[in-house]
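Participant: The structure file structure-v4.cif (mmCIF, C-alpha atoms) is provided below.
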data_my_file
#
loop_
_atom_site.group_PDB
_atom_site.id
_atom_site.type_symbol
_atom_site.label_atom_id
_atom_site.label_comp_id
_atom_site.auth_asym_id
_atom_site.auth_seq_id
_atom_site.Cartn_x
_atom_site.Cartn_y
_atom_site.Cartn_z
ATOM 1 C CA MET A 1 -166.655 -1.722 -124.165
ATOM 2 C CA HIS A 2 -165.880 -1.020 -127.817
ATOM 3 C CA TRP A 3 -162.587 -0.791 -129.652
ATOM 4 C CA ALA A 4 -160.882 2.266 -131.124
ATOM 5 C CA GLY A 5 -162.095 1.332 -134.585
ATOM 6 C CA GLY A 6 -165.778 1.846 -133.825
ATOM 7 C CA ASP A 7 -168.405 2.647 -131.210
ATOM 8 C CA GLN A 8 -171.045 0.998 -129.056
ATOM 9 C CA ASN A 9 -173.088 -0.033 -132.098
ATOM 10 C CA ASP A 10 -170.425 -2.607 -132.945
ATOM 11 C CA TRP A 11 -171.966 -4.885 -130.323
ATOM 12 C CA ILE A 12 -175.263 -4.786 -132.210
ATOM 13 C CA ARG A 13 -173.621 -5.335 -135.588
ATOM 14 C CA ASN A 14 -171.684 -8.375 -134.411
ATOM 15 C CA GLY A 15 -174.781 -9.905 -132.830
ATOM 16 C CA MET A 16 -173.475 -9.855 -129.261
ATOM 17 C CA VAL A 17 -176.306 -7.740 -127.792
ATOM 18 C CA ASP A 18 -179.067 -9.894 -129.272
ATOM 19 C CA TRP A 19 -177.281 -13.091 -128.250
ATOM 20 C CA LEU A 20 -176.809 -11.958 -124.657
ATOM 21 C CA GLN A 21 -180.426 -10.796 -124.473
ATOM 22 C CA ASN A 22 -181.537 -14.031 -126.147
ATOM 23 C CA ARG A 23 -183.376 -12.146 -128.916
ATOM 24 C CA ALA A 24 -182.697 -13.637 -132.329
ATOM 25 C CA THR A 25 -184.210 -10.964 -134.576
ATOM 26 C CA GLN A 26 -184.348 -7.758 -132.544
ATOM 27 C CA HIS A 27 -181.856 -5.680 -134.548
ATOM 28 C CA GLY A 28 -182.512 -6.594 -138.162
ATOM 29 C CA THR A 29 -181.070 -9.154 -140.535
ATOM 30 C CA ASN A 30 -177.327 -8.881 -139.864
ATOM 31 C CA ALA A 31 -177.341 -9.704 -136.153
ATOM 32 C CA PRO A 32 -179.176 -13.027 -136.504
ATOM 33 C CA SER A 33 -176.842 -14.102 -139.306
ATOM 34 C CA ARG A 34 -173.824 -13.329 -137.150
ATOM 35 C CA GLN A 35 -175.398 -15.225 -134.278
ATOM 36 C CA SER A 36 -175.819 -18.343 -136.392
ATOM 37 C CA VAL A 37 -172.146 -18.213 -137.392
ATOM 38 C CA ILE A 38 -170.577 -17.315 -134.062
ATOM 39 C CA TYR A 39 -172.665 -18.081 -131.035
ATOM 40 C CA PRO A 40 -173.983 -21.262 -129.467
ATOM 41 C CA VAL A 41 -177.671 -21.396 -128.581
ATOM 42 C CA MET A 42 -178.456 -19.572 -125.370
ATOM 43 C CA PRO A 43 -180.628 -21.579 -122.952
ATOM 44 C CA GLU A 44 -184.266 -20.579 -123.291
ATOM 45 C CA ASN A 45 -184.581 -19.233 -119.752
ATOM 46 C CA VAL A 46 -181.314 -17.233 -119.816
ATOM 47 C CA SER A 47 -180.878 -13.590 -120.811
ATOM 48 C CA PHE A 48 -178.655 -10.750 -119.684
ATOM 49 C CA ALA A 49 -179.110 -7.040 -119.197
ATOM 50 C CA VAL A 50 -176.626 -5.343 -121.552
ATOM 51 C CA PHE A 51 -175.177 -1.852 -121.242
ATOM 52 C CA THR A 52 -173.044 -0.375 -124.023
ATOM 53 C CA PHE A 53 -171.663 3.146 -124.298
ATOM 54 C CA ASP A 54 -169.363 5.310 -126.405
ATOM 55 C CA PHE A 55 -165.989 6.222 -124.957
ATOM 56 C CA ARG A 56 -165.287 9.960 -125.074
ATOM 57 C CA GLU A 57 -164.630 11.246 -128.610
ATOM 58 C CA TYR A 58 -166.282 8.144 -130.127
ATOM 59 C CA GLY A 59 -169.786 7.714 -131.524
ATOM 60 C CA GLU A 60 -172.201 10.093 -129.832
ATOM 61 C CA SER A 61 -169.893 11.036 -126.962
ATOM 62 C CA GLU A 62 -168.118 14.361 -126.765
ATOM 63 C CA GLY A 63 -164.779 15.053 -125.155
ATOM 64 C CA THR A 64 -161.162 14.559 -126.083
ATOM 65 C CA PHE A 65 -159.381 11.227 -126.177
ATOM 66 C CA SER A 66 -157.006 10.629 -123.287
ATOM 67 C CA SER A 67 -155.936 7.423 -121.614
ATOM 68 C CA GLU A 68 -156.863 8.748 -118.188
ATOM 69 C CA GLY A 69 -160.236 9.895 -119.498
ATOM 70 C CA LEU A 70 -161.061 6.525 -121.015
ATOM 71 C CA VAL A 71 -160.238 4.765 -117.752
ATOM 72 C CA MET A 72 -162.608 7.185 -116.039
ATOM 73 C CA ASP A 73 -165.244 6.324 -118.673
ATOM 74 C CA ALA A 74 -164.782 2.609 -118.001
ATOM 75 C CA LYS A 75 -165.204 3.065 -114.262
ATOM 76 C CA ALA A 76 -168.242 5.291 -114.790
ATOM 77 C CA ALA A 77 -169.803 2.691 -117.104
ATOM 78 C CA TYR A 78 -169.621 0.020 -114.423
ATOM 79 C CA GLU A 79 -171.151 2.396 -111.900
ATOM 80 C CA LYS A 80 -173.940 3.367 -114.314
ATOM 81 C CA ALA A 81 -174.744 -0.269 -115.109
ATOM 82 C CA LYS A 82 -175.315 -0.906 -111.411
ATOM 83 C CA THR A 83 -178.159 1.644 -111.323
ATOM 84 C CA PHE A 84 -180.494 0.074 -113.888
ATOM 85 C CA GLU A 85 -183.729 -1.567 -112.781
ATOM 86 C CA GLY A 86 -183.481 -5.336 -112.641
ATOM 87 C CA VAL A 87 -179.677 -5.358 -112.487
ATOM 88 C CA ASP A 88 -177.952 -6.964 -109.524
ATOM 89 C CA PRO A 89 -175.286 -4.341 -108.706
ATOM 90 C CA ALA A 90 -173.113 -7.033 -107.169
ATOM 91 C CA ARG A 91 -173.048 -9.234 -110.302
ATOM 92 C CA ILE A 92 -171.712 -7.292 -113.277
ATOM 93 C CA GLY A 93 -169.252 -8.602 -115.853
ATOM 94 C CA GLY A 94 -167.356 -6.667 -118.483
ATOM 95 C CA ILE A 95 -166.605 -7.596 -122.087
ATOM 96 C CA GLY A 96 -164.280 -5.354 -124.061
ATOM 97 C CA SER A 97 -162.426 -5.160 -127.362
ATOM 98 C CA SER A 98 -158.935 -3.594 -127.800
ATOM 99 C CA ILE A 99 -159.081 -0.321 -125.833
ATOM 100 C CA GLY A 100 -162.245 -1.739 -124.296
ATOM 101 C CA ALA A 101 -160.366 -4.939 -123.446
ATOM 102 C CA ASP A 102 -158.172 -2.844 -121.201
ATOM 103 C CA GLY A 103 -161.117 -0.777 -119.990
ATOM 104 C CA VAL A 104 -163.102 -3.740 -118.665
ATOM 105 C CA VAL A 105 -160.148 -4.680 -116.455
ATOM 106 C CA ASP A 106 -158.947 -1.185 -115.565
ATOM 107 C CA GLY A 107 -162.450 -0.118 -114.534
ATOM 108 C CA CYS A 108 -163.541 -3.268 -112.667
ATOM 109 C CA GLY A 109 -164.340 -2.214 -109.106
ATOM 110 C CA ASP A 110 -167.059 -2.992 -106.570
ATOM 111 C CA GLY A 111 -169.835 -5.043 -108.124
ATOM 112 C CA CYS A 112 -167.744 -6.177 -111.079
ATOM 113 C CA ILE A 113 -167.152 -9.909 -110.757
ATOM 114 C CA GLY A 114 -165.096 -10.671 -113.864
ATOM 115 C CA ALA A 115 -163.920 -9.509 -117.273
ATOM 116 C CA LEU A 116 -163.304 -10.812 -120.779
ATOM 117 C CA SER A 117 -160.593 -8.999 -122.747
ATOM 118 C CA LEU A 118 -160.449 -9.364 -126.533
ATOM 119 C CA SER A 119 -156.991 -8.132 -127.633
ATOM 120 C CA PRO A 120 -155.802 -5.925 -124.770
ATOM 121 C CA GLY A 121 -152.474 -4.139 -124.862
ATOM 122 C CA SER A 122 -152.198 -1.621 -122.019
ATOM 123 C CA PHE A 123 -153.638 0.881 -124.502
ATOM 124 C CA LEU A 124 -154.968 3.094 -121.704
ATOM 125 C CA ASP A 125 -151.517 3.428 -120.121
ATOM 126 C CA VAL A 126 -152.364 1.066 -117.259
ATOM 127 C CA PRO A 127 -150.130 -2.029 -117.451
ATOM 128 C CA TYR A 128 -152.448 -4.938 -118.246
ATOM 129 C CA THR A 129 -150.480 -7.238 -115.941
ATOM 130 C CA ASP A 130 -150.994 -4.852 -113.019
ATOM 131 C CA ALA A 131 -154.725 -4.471 -113.654
ATOM 132 C CA VAL A 132 -155.174 -8.237 -113.908
ATOM 133 C CA LYS A 133 -153.253 -8.765 -110.673
ATOM 134 C CA LEU A 134 -155.557 -6.379 -108.834
ATOM 135 C CA MET A 135 -158.552 -8.386 -110.050
ATOM 136 C CA ASP A 136 -156.878 -11.701 -109.271
ATOM 137 C CA ASP A 137 -156.115 -10.555 -105.726
ATOM 138 C CA GLU A 138 -159.866 -10.075 -105.329
ATOM 139 C CA GLU A 139 -160.557 -13.511 -106.876
ATOM 140 C CA LYS A 140 -162.219 -11.987 -109.935
ATOM 141 C CA PRO A 141 -161.727 -14.122 -113.068
ATOM 142 C CA VAL A 142 -160.223 -12.584 -116.187
ATOM 143 C CA THR A 143 -160.089 -14.285 -119.582
ATOM 144 C CA CYS A 144 -157.663 -12.752 -122.061
ATOM 145 C CA VAL A 145 -158.069 -13.564 -125.769
ATOM 146 C CA ALA A 146 -155.638 -12.741 -128.571
ATOM 147 C CA ALA A 147 -154.374 -14.038 -131.901
ATOM 148 C CA GLU A 148 -150.775 -15.191 -132.160
ATOM 149 C CA GLY A 149 -150.171 -12.881 -135.136
ATOM 150 C CA ASP A 150 -151.341 -9.893 -133.098
ATOM 151 C CA THR A 151 -148.091 -9.986 -131.183
ATOM 152 C CA TYR A 152 -148.699 -6.942 -128.977
ATOM 153 C CA SER A 153 -151.970 -8.329 -127.608
ATOM 154 C CA ALA A 154 -150.694 -11.906 -127.474
ATOM 155 C CA GLU A 155 -147.739 -10.747 -125.406
ATOM 156 C CA ALA A 156 -150.077 -8.856 -123.078
ATOM 157 C CA CYS A 157 -152.183 -11.974 -122.539
ATOM 158 C CA GLU A 158 -149.169 -14.192 -122.012
ATOM 159 C CA ALA A 159 -147.469 -11.792 -119.588
ATOM 160 C CA ALA A 160 -150.436 -11.646 -117.200
ATOM 161 C CA GLY A 161 -151.274 -14.418 -114.781
ATOM 162 C CA GLY A 162 -152.992 -15.466 -111.591
ATOM 163 C CA ASN A 163 -155.093 -18.148 -109.971
ATOM 164 C CA PHE A 164 -158.265 -16.771 -111.571
ATOM 165 C CA TYR A 165 -156.733 -15.858 -114.912
ATOM 166 C CA GLU A 166 -156.937 -17.602 -118.278
ATOM 167 C CA SER A 167 -155.103 -16.744 -121.497
ATOM 168 C CA ILE A 168 -156.432 -18.039 -124.829
ATOM 169 C CA ILE A 169 -154.274 -17.527 -127.926
ATOM 170 C CA TYR A 170 -155.780 -18.400 -131.311
ATOM 171 C CA ALA A 171 -153.974 -18.846 -134.603
ATOM 172 C CA GLY A 172 -154.287 -15.968 -137.073
ATOM 173 C CA ASN A 173 -153.971 -12.190 -136.970
ATOM 174 C CA GLU A 174 -157.337 -11.040 -135.643
ATOM 175 C CA HIS A 175 -157.543 -8.068 -133.332
ATOM 176 C CA GLY A 176 -160.541 -7.000 -131.286
ATOM 177 C CA ASP A 177 -163.720 -6.898 -133.351
ATOM 178 C CA THR A 178 -162.154 -8.711 -136.289
ATOM 179 C CA PHE A 179 -162.625 -11.886 -134.250
ATOM 180 C CA TYR A 180 -166.324 -11.502 -135.052
ATOM 181 C CA GLN A 181 -165.635 -11.131 -138.770
ATOM 182 C CA ASN A 182 -163.443 -14.220 -138.913
ATOM 183 C CA PRO A 183 -164.180 -16.220 -135.769
ATOM 184 C CA PRO A 184 -161.716 -19.011 -135.020
ATOM 185 C CA GLU A 185 -163.063 -22.458 -134.284
ATOM 186 C CA GLY A 186 -164.543 -22.550 -130.806
ATOM 187 C CA PHE A 187 -164.732 -18.763 -130.418
ATOM 188 C CA GLY A 188 -168.464 -18.696 -129.647
ATOM 189 C CA GLU A 189 -168.134 -21.592 -127.221
ATOM 190 C CA MET A 190 -165.363 -19.688 -125.456
ATOM 191 C CA LEU A 191 -167.697 -16.703 -124.986
ATOM 192 C CA TYR A 192 -170.397 -18.976 -123.608
ATOM 193 C CA ASP A 193 -167.949 -20.729 -121.266
ATOM 194 C CA TRP A 194 -166.870 -17.361 -119.883
ATOM 195 C CA LEU A 195 -170.475 -16.368 -119.218
ATOM 196 C CA ASN A 196 -171.082 -19.691 -117.500
ATOM 197 C CA GLN A 197 -167.974 -19.271 -115.363
ATOM 198 C CA ILE A 198 -168.947 -15.779 -114.244
ATOM 199 C CA PHE A 199 -172.707 -16.116 -113.910
ATOM 200 C CA GLU A 200 -173.192 -19.883 -113.443
ATOM 201 C CA ILE A 201 -175.954 -20.132 -116.038
ATOM 202 C CA GLU A 202 -175.971 -23.938 -116.078
#
If you took the structure in this file and wrote it as structure tokens, what would it be?
Facilitator:
Amino acid sequence: MHWAGGDQNDWIRNGMVDWLQNRATQHGTNAPSRQSVIYPVMPENVSFAVFTFDFREYGESEGTFSSEGLVMDAKAAYEKAKTFEGVDPARIGGIGSSIGADGVVDGCGDGCIGALSLSPGSFLDVPYTDAVKLMDDEEKPVTCVAAEGDTYSAEACEAAGGNFYESIIYAGNEHGDTFYQNPPEGFGEMLYDWLNQIFEIE
């Protein structure tokens, strides 16, 4: 789920879609170059179905921005992902950036087994701590990532907790998608470790 600064195509530009689908050159020259900088090598026999979308009033989506509406979009995205051929509707994980970092947690219902939040901040008017607690009560892992200079998101990560919760605070000032422009050391490995935790790929 994308951030407020962009749309669903951000996940192609930062190489995430190709990396998850284990396709090095599918989307032109930029994605592979980002992959070589950010991501560890995906095992040869591993690939993921990926579903991206535009929140209302972003990209190709119509509608008017509202916190309640974006939470509805997040929930609808999870439900839509469950309908695609070849997707196990009981094994879906969410990755989101900024507003999307809240969305992947706020919208995680039946079939969602975990979420990765890059720079959340209760931007959709649902307290991040409350949304994480609901997931933790259902034993669904959440990893929250922020930069220490992004105090609002760092505070959100540090305030949440639970037995299935992890907070990772990097040095710097990155927020959301800027992590992909200036990835801290170990950032790609962190993404891989989250995938392995959720989907047990090793």
Participant: Which residues match the PyMOL selection byres ((chain A and resi 58) around 10) in the file above, as a PDB file with C-alpha atoms, in the coordinates of the input?
Facilitator:
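That gives us selection.pdb:
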ATOM      1  CA  HIS A   2    -165.880  -1.020-127.817  1.00  0.00           C
ATOM      2  CA  TRP A   3    -162.587  -0.791-129.652  1.00  0.00           C
ATOM      3  CA  ALA A   4    -160.882   2.266-131.124  1.00  0.00           C
ATOM      4  CA  GLY A   5    -162.095   1.332-134.585  1.00  0.00           C
ATOM      5  CA  GLY A   6    -165.778   1.846-133.825  1.00  0.00           C
ATOM      6  CA  ASP A   7    -168.405   2.647-131.210  1.00  0.00           C
ATOM      7  CA  GLN A   8    -171.045   0.998-129.056  1.00  0.00           C
ATOM      8  CA  PHE A  53    -171.663   3.146-124.298  1.00  0.00           C
ATOM      9  CA  ASP A  54    -169.363   5.310-126.405  1.00  0.00           C
ATOM     10  CA  PHE A  55    -165.989   6.222-124.957  1.00  0.00           C
ATOM     11  CA  ARG A  56    -165.287   9.960-125.074  1.00  0.00           C
ATOM     12  CA  GLU A  57    -164.630  11.246-128.610  1.00  0.00           C
ATOM     13  CA  GLY A  59    -169.786   7.714-131.524  1.00  0.00           C
ATOM     14  CA  GLU A  60    -172.201  10.093-129.832  1.00  0.00           C
ATOM     15  CA  SER A  61    -169.893  11.036-126.962  1.00  0.00           C
ATOM     16  CA  GLU A  62    -168.118  14.361-126.765  1.00  0.00           C
ATOM     17  CA  GLY A  63    -164.779  15.053-125.155  1.00  0.00           C
ATOM     18  CA  THR A  64    -161.162  14.559-126.083  1.00  0.00           C
ATOM     19  CA  PHE A  65    -159.381  11.227-126.177  1.00  0.00           C
TER      20      PHE A  65
END
Participant: Which of these, A:Ala146, A:Val132, A:Val71, A:Val87, has the shortest distance to Gly103 (chain A) once you count only C-alpha atoms?
Facilitator: A:Val71
Participant: Ranking A:Asn14, A:Ser117, A:Asn163, A:Asn45 by minimum distance to Glu202 (chain A) and counting only C-alpha atoms, which one comes first?
Facilitator: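 The answer is A:Asn45, which sits nearest to Glu202 (chain A).
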Participant: Find the residues around region 175-181 of chain A up to 6 Å (only C-alpha atoms counted), leave out those fewer than 5 positions away in its own chain, and share them as a count of residues only.
Facilitator: 4
Participant: Out of A:Trp11, A:Tyr192, A:Trp19, A:Phe187, which residue has the shortest atom-to-atom distance to Gly96 (chain A) when counting all atoms listed in the file?
Facilitator: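 Closest to Gly96 (chain A) of all the choices is A:Trp11.
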Participant: With all atoms listed in the file counted, which protein, DNA or RNA residues have an atom no more than 7 Å from (-152.4, 9.3, -121.7) in the file frame? Please answer as a PDB file with C-alpha atoms, in the coordinates of the input.
Facilitator:
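And here's selection-v6.pdb as it stands now:
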ATOM      1  CA  SER A  66    -157.006  10.629-123.287  1.00  0.00           C
ATOM      2  CA  SER A  67    -155.936   7.423-121.614  1.00  0.00           C
ATOM      3  CA  GLU A  68    -156.863   8.748-118.188  1.00  0.00           C
ATOM      4  CA  LEU A 124    -154.968   3.094-121.704  1.00  0.00           C
ATOM      5  CA  ASP A 125    -151.517   3.428-120.121  1.00  0.00           C
TER       6      ASP A 125
END
Participant: CA of Asp18 (chain A) and CA of Cys157 (chain A) are how many Å apart?
Facilitator: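 Separation between CA of Asp18 (chain A) and CA of Cys157 (chain A): 27.8 Å.
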Participant: Quick one: which residues end up in the PyMOL selection byres ((chain A and resi 51) around 10) for this structure, as a compact mmCIF listing (two decimals) with C-alpha atoms, keeping the file's coordinate frame?
Facilitator:
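File selection-v5.txt, as written:
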# COMPACT_ATOMS: atom_id res chain seq x y z
CA MET A 1 -166.66 -1.72 -124.16
CA GLN A 8 -171.04 1.00 -129.06
CA VAL A 17 -176.31 -7.74 -127.79
CA PHE A 48 -178.66 -10.75 -119.68
CA ALA A 49 -179.11 -7.04 -119.20
CA VAL A 50 -176.63 -5.34 -121.55
CA THR A 52 -173.04 -0.38 -124.02
CA PHE A 53 -171.66 3.15 -124.30
CA ALA A 77 -169.80 2.69 -117.10
CA TYR A 78 -169.62 0.02 -114.42
CA LYS A 80 -173.94 3.37 -114.31
CA ALA A 81 -174.74 -0.27 -115.11
CA LYS A 82 -175.32 -0.91 -111.41
CA PHE A 84 -180.49 0.07 -113.89
CA GLY A 94 -167.36 -6.67 -118.48
